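Notes follow the structure.
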Amino acid sequence: MNAPARLAVVGFALALAGALATAVLDLPAAAVDLPAAVAENLSTSGVEHPVTAVLLNFRGYDTLLEIAVLLLALLGMLAVAKPEAVAPEPSAADPMLRFLASVAVPLMILAAGYLLWAGAHRPGGAFQAGAVLAAAAVLLHLAGRLPAWASPSRMLRLGLVGGFLIFLAVAAALLAQGALLRYPPAHAGALILLIEAGLTLSLGLILAGLFLVLARRPASPRAGVGEEGKS
Amino acid sequence: MADTFLDPLPWLIILPLAWASLAFLVGEGRGGRLAVAGLAVQLALALILAVQVMAQGARVHAVGGWGASLGIDLLADGLSVAMLLLTQAVALPLAVYARAYFSEVAQTTFWPLAGFLLAALNALFLSADLFNLYVTLELLSLAAVGLVAMSGKPAQVDAALRYLLVSLTASGAYLMGVALIYGAYGTVSLAGLAPLVGADPPLITQLAAGLMLAGLLAKTALFPFHFWLPAAHGGAPAPVSALLSALVVKATFYMVLRLALGPFAALADDAAPLLGALGAAAILWGSWRALTTHHIKMLVAWSTVAQLGYLFLLFPLLEPGGAALRAGVMQAFAHGLAKAAMFAAAGVLMLSTGRDTLEGLAGVAGRVPVTLFAFALAGVTLMGLPPSGGFLAKWLLIEAALEQGQWGWVVVVIGGGLLAAAYVFKVLRQAFLLAPASAHFHRVPRAMEWSAFLLAAASVLIGLRATEGVALLGVEFGP
């Protein structure tokens, strides 16, 4: 890019930043107070933590579609990944790493279970728990205990979409209550736990897959592909 | 209870999500059958929904039973139901086409991605919430990028990456706009925002609307944001090109229209002349490039750039109850069907001749006459000859322009039609030449030829069913 074009881009970016700053500093008072509405309806949501209530109940439909987005990211990678380029066997790693994995991975699985359970009343939930599970899978791969995924078997595919299918089935079954994802207040807590448990496993596999589908020999940390952050 | 369970509205989102994930689960071999069955049910559901909406008026489905602004609302009014009908009507013949087009291995990749793409489209057309629209847009873009890249060829992965970068940047701009709106008003529900934004919105709303508009125009590939489209649409496998050109770019146009009719109505007047001018530029530039290219699918892709321009001519002419809105939706419908037919036909022509250039088409008229007829019929719609849907769209556009004394647009509409005639006849002329002795033709499955023909015939015949379309579009939501 030549100098005048660069200057124009920089100028445009600065002008936009200036306009945004001016607008945000002069923010009018919001006419609708959603946090208050969330607090008011928290008692019938089935969980005690507002973030989980918004994610799985009030705006659970957004979350349902976001899980599909994550699944799609993996499907897109499987579409272009070349199975023959993937190392069929895990590479041997040094003994320190193997030792670390055998100590850390059981703890990480335990931590994931705790995060899942904690989501009902404090920060935590399926996304965090799934991320910890995925990290455990990546650690196992680096330690030479888990092969890369050339093309996922049917069991693995079931694990990948299982959480989404449970979520979808619950959403559809609740149409009998009058609307998509309309939890009956008495069973909301149990249903949300069921969905989150399924999601934890599937999200763990999906996030691990983003790494393991592309892993090549020699396994290197740079093989992972940055994914866009999801709430 | 039975009533809500059988409401077609939520099932139009649940069904494609279900068959998409099941197609991934079952793997090789059975995804296509699932998809065709699912799409047949979806088409029936969309028709039922259209009949219900025409009889009972627009309908809101409060997901989770909370209602906006705490929850998310789905809205089925005339405009969204029309787009839903178009989506299912294009997707079903294309699914039949794709089953014959792809190898079994390619189908294991194609069906899950196509299913999520169609689910995203249905969800987008039904959404009445700015943030939920963003989520559907992400789902749509990722599925589309995956489909563009699925052949794995370096040129295609390159086009897909460029598409991904444009798409992500555009999504980012849209999301920033949504964040600003939420900061300013505390809600992202379209119905809730409309009275709050009012007639004289503050700077922050103008900035937010500008960012959202820029993002959506980039995704719609309106001139001058069209640069990613020809490579992405022209190089992809034929069923993918058809889905992308017929439906995906229409989704973001629909969002611009929905926002301009809804919460940002006060700002739409300011942006209208610019949108109209860009639309006119797109028609002329896209048609010119279509006329000068030598590759058959590139010709069809550049024609998409041009035809998208017509959609944006409606903004300077938009007025409540006027002909411009009907013209825009009719154009989306006619172009959707015709372009799906044209890409499907182009795919058959390329399989038959084994070449992708216009030159290679010589003699093809005697080999795949049904397909060539389909291509010509789709061309009739793009040129805007009666009685096609394209004719009706252009007629309504000209009527709206004359009513408001804006003569300039009439020249653009007619000029674009002439250019379209030129590039369509260029293909037909080549096809009727005698085949060189060295030419070798391949057999093409019947299912592909006839599904292309069905789409093309539908694009011409909808011109005859315009009364129902107008009645459907008349179903508006609101007091």
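Every chain in the structure tokens has a letter given in the order shown (A, B, ...), and although residue numbers restart at 1 in each chain, ligands are simply numbered from 1 in the order shown.
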Can you pull out every residue within 8 Å of Val138 of chain A, counting only C-alpha atoms, but drop anything in the same chain fewer than 4 positions away, and send it as a count of residues only? 5
Compile the contact shell of Ala37 of chain B as a PyMOL selection string: residues with an atom at most 12 Å away, counting only C-alpha atoms, same-chain residues fewer than 4 positions apart removed. chain B and resi 15-16+18-20+23+30-33+41-44+91-93+95-96
Please write the residues from the selection above to a file, keeping C-alpha atoms, as a compact mmCIF listing (two decimals), in the first residue's frame.
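Written output follows (part_28.txt):
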# COMPACT_ATOMS: atom_id res chain seq x y z
CA LEU B 15 -35.92 -28.86 11.37
CA PRO B 16 -32.89 -27.71 9.36
CA ALA B 18 -31.84 -31.18 13.25
CA TRP B 19 -31.16 -32.60 9.79
CA ALA B 20 -27.89 -30.70 9.51
CA ALA B 23 -26.36 -35.54 8.46
CA ARG B 30 -27.56 -40.94 3.98
CA GLY B 31 -27.32 -37.17 4.51
CA GLY B 32 -28.88 -36.34 1.15
CA ARG B 33 -32.07 -38.28 1.79
CA VAL B 41 -41.44 -30.63 5.01
CA GLN B 42 -39.96 -27.13 5.38
CA LEU B 43 -41.50 -26.02 2.08
CA ALA B 44 -44.89 -27.29 3.27
CA ALA B 91 -33.35 -25.01 -1.56
CA LEU B 92 -35.49 -28.06 -2.35
CA PRO B 93 -34.71 -28.32 -6.11
CA ALA B 95 -30.94 -30.36 -2.85
CA VAL B 96 -32.14 -32.77 -5.53
Report as a VMD selection string all protein, DNA and RNA residues lying within 8 Å of Ile398 of chain B, evaluated on only C-alpha atoms, omitting residues in the same chain fewer than 2 positions from it. chain B and resid 394 to 396 400 to 402 409 to 410 413
Per-residue nearest contacts of chain B to chain A (7 Å; only C-alpha atoms) as JSON lines:
{"residue": "B:Met1", "atom": "CA", "partner": "A:Ala176", "partner_atom": "CA", "distance": 5.7}
{"residue": "B:Thr4", "atom": "CA", "partner": "A:Gly178", "partner_atom": "CA", "distance": 5.4}
{"residue": "B:Phe5", "atom": "CA", "partner": "A:Leu175", "partner_atom": "CA", "distance": 5.1}
{"residue": "B:Pro10", "atom": "CA", "partner": "A:Leu180", "partner_atom": "CA", "distance": 6.9}
{"residue": "B:Ser21", "atom": "CA", "partner": "A:Val161", "partner_atom": "CA", "distance": 6.5}
{"residue": "B:Leu25", "atom": "CA", "partner": "A:Arg157", "partner_atom": "CA", "distance": 5.7}
{"residue": "B:His61", "atom": "CA", "partner": "A:Ala179", "partner_atom": "CA", "distance": 6.9}
{"residue": "B:Ala62", "atom": "CA", "partner": "A:Ala179", "partner_atom": "CA", "distance": 6.5}
{"residue": "B:Val63", "atom": "CA", "partner": "A:Leu180", "partner_atom": "CA", "distance": 5.1}
{"residue": "B:Gly64", "atom": "CA", "partner": "A:Arg182", "partner_atom": "CA", "distance": 3.7}
{"residue": "B:Gly65", "atom": "CA", "partner": "A:Arg182", "partner_atom": "CA", "distance": 5.4}
{"residue": "B:Trp66", "atom": "CA", "partner": "A:Phe58", "partner_atom": "CA", "distance": 6.8}
{"residue": "B:Leu70", "atom": "CA", "partner": "A:Phe58", "partner_atom": "CA", "distance": 6.3}
{"residue": "B:Gly71", "atom": "CA", "partner": "A:Phe58", "partner_atom": "CA", "distance": 4.9}
{"residue": "B:Ile72", "atom": "CA", "partner": "A:Arg59", "partner_atom": "CA", "distance": 6.4}
{"residue": "B:Thr109", "atom": "CA", "partner": "A:Ala79", "partner_atom": "CA", "distance": 5.9}
{"residue": "B:Asn132", "atom": "CA", "partner": "A:Asp62", "partner_atom": "CA", "distance": 6.0}
{"residue": "B:Val135", "atom": "CA", "partner": "A:Glu66", "partner_atom": "CA", "distance": 6.7}
{"residue": "B:Glu138", "atom": "CA", "partner": "A:Val69", "partner_atom": "CA", "distance": 6.9}
{"residue": "B:Leu139", "atom": "CA", "partner": "A:Val69", "partner_atom": "CA", "distance": 5.2}
{"residue": "B:Leu142", "atom": "CA", "partner": "A:Leu72", "partner_atom": "CA", "distance": 6.6}
{"residue": "B:Ala143", "atom": "CA", "partner": "A:Leu72", "partner_atom": "CA", "distance": 6.5}
{"residue": "B:Gly146", "atom": "CA", "partner": "A:Gly76", "partner_atom": "CA", "distance": 4.5}
{"residue": "B:Ala149", "atom": "CA", "partner": "A:Val80", "partner_atom": "CA", "distance": 6.5}
{"residue": "B:Met150", "atom": "CA", "partner": "A:Ala79", "partner_atom": "CA", "distance": 5.2}
{"residue": "B:Gly152", "atom": "CA", "partner": "A:Val80", "partner_atom": "CA", "distance": 5.1}
{"residue": "B:Gly183", "atom": "CA", "partner": "A:Ala30", "partner_atom": "CA", "distance": 6.7}
{"residue": "B:Ala184", "atom": "CA", "partner": "A:Ala30", "partner_atom": "CA", "distance": 5.3}
{"residue": "B:Tyr185", "atom": "CA", "partner": "A:Ala30", "partner_atom": "CA", "distance": 4.3}
{"residue": "B:Gly186", "atom": "CA", "partner": "A:Val32", "partner_atom": "CA", "distance": 4.8}
{"residue": "B:Thr187", "atom": "CA", "partner": "A:Val32", "partner_atom": "CA", "distance": 6.1}
{"residue": "B:Leu203", "atom": "CA", "partner": "A:Ala23", "partner_atom": "CA", "distance": 6.2}
{"residue": "B:Ile204", "atom": "CA", "partner": "A:Ala23", "partner_atom": "CA", "distance": 4.9}
Within 12 Å of Gly366 of chain B using only C-alpha atoms, minus same-chain residues under 2 positions, as a ChimeraX atom specification: /B:349,352-353,361-364,368-373,431-435,441
The distance between atom CA of Ala421 of chain B and atom CA of Ala345 of chain B is 17.2 Å
Would you mind listing what lies within 9 Å of Leu199 of chain A as a list in words, with only C-alpha atoms counted and same-chain residues fewer than 2 positions away left out? Ile67, Ala126, Phe127, Gly130, Gly162, Gly163, Phe164, Ile166, Phe167, Leu194, Ile195, Glu196, Ala197, Leu201, Ser202, Leu203 and Gly204 of chain A
Identify, on the basis of only C-alpha atoms, every residue whose closest approach to Phe99 of chain A does not exceed 9 Å; exclude the query and any residue fewer than 5 positions from it along the same chain; express the result as a PyMOL selection string. chain A and resi 94+104+143
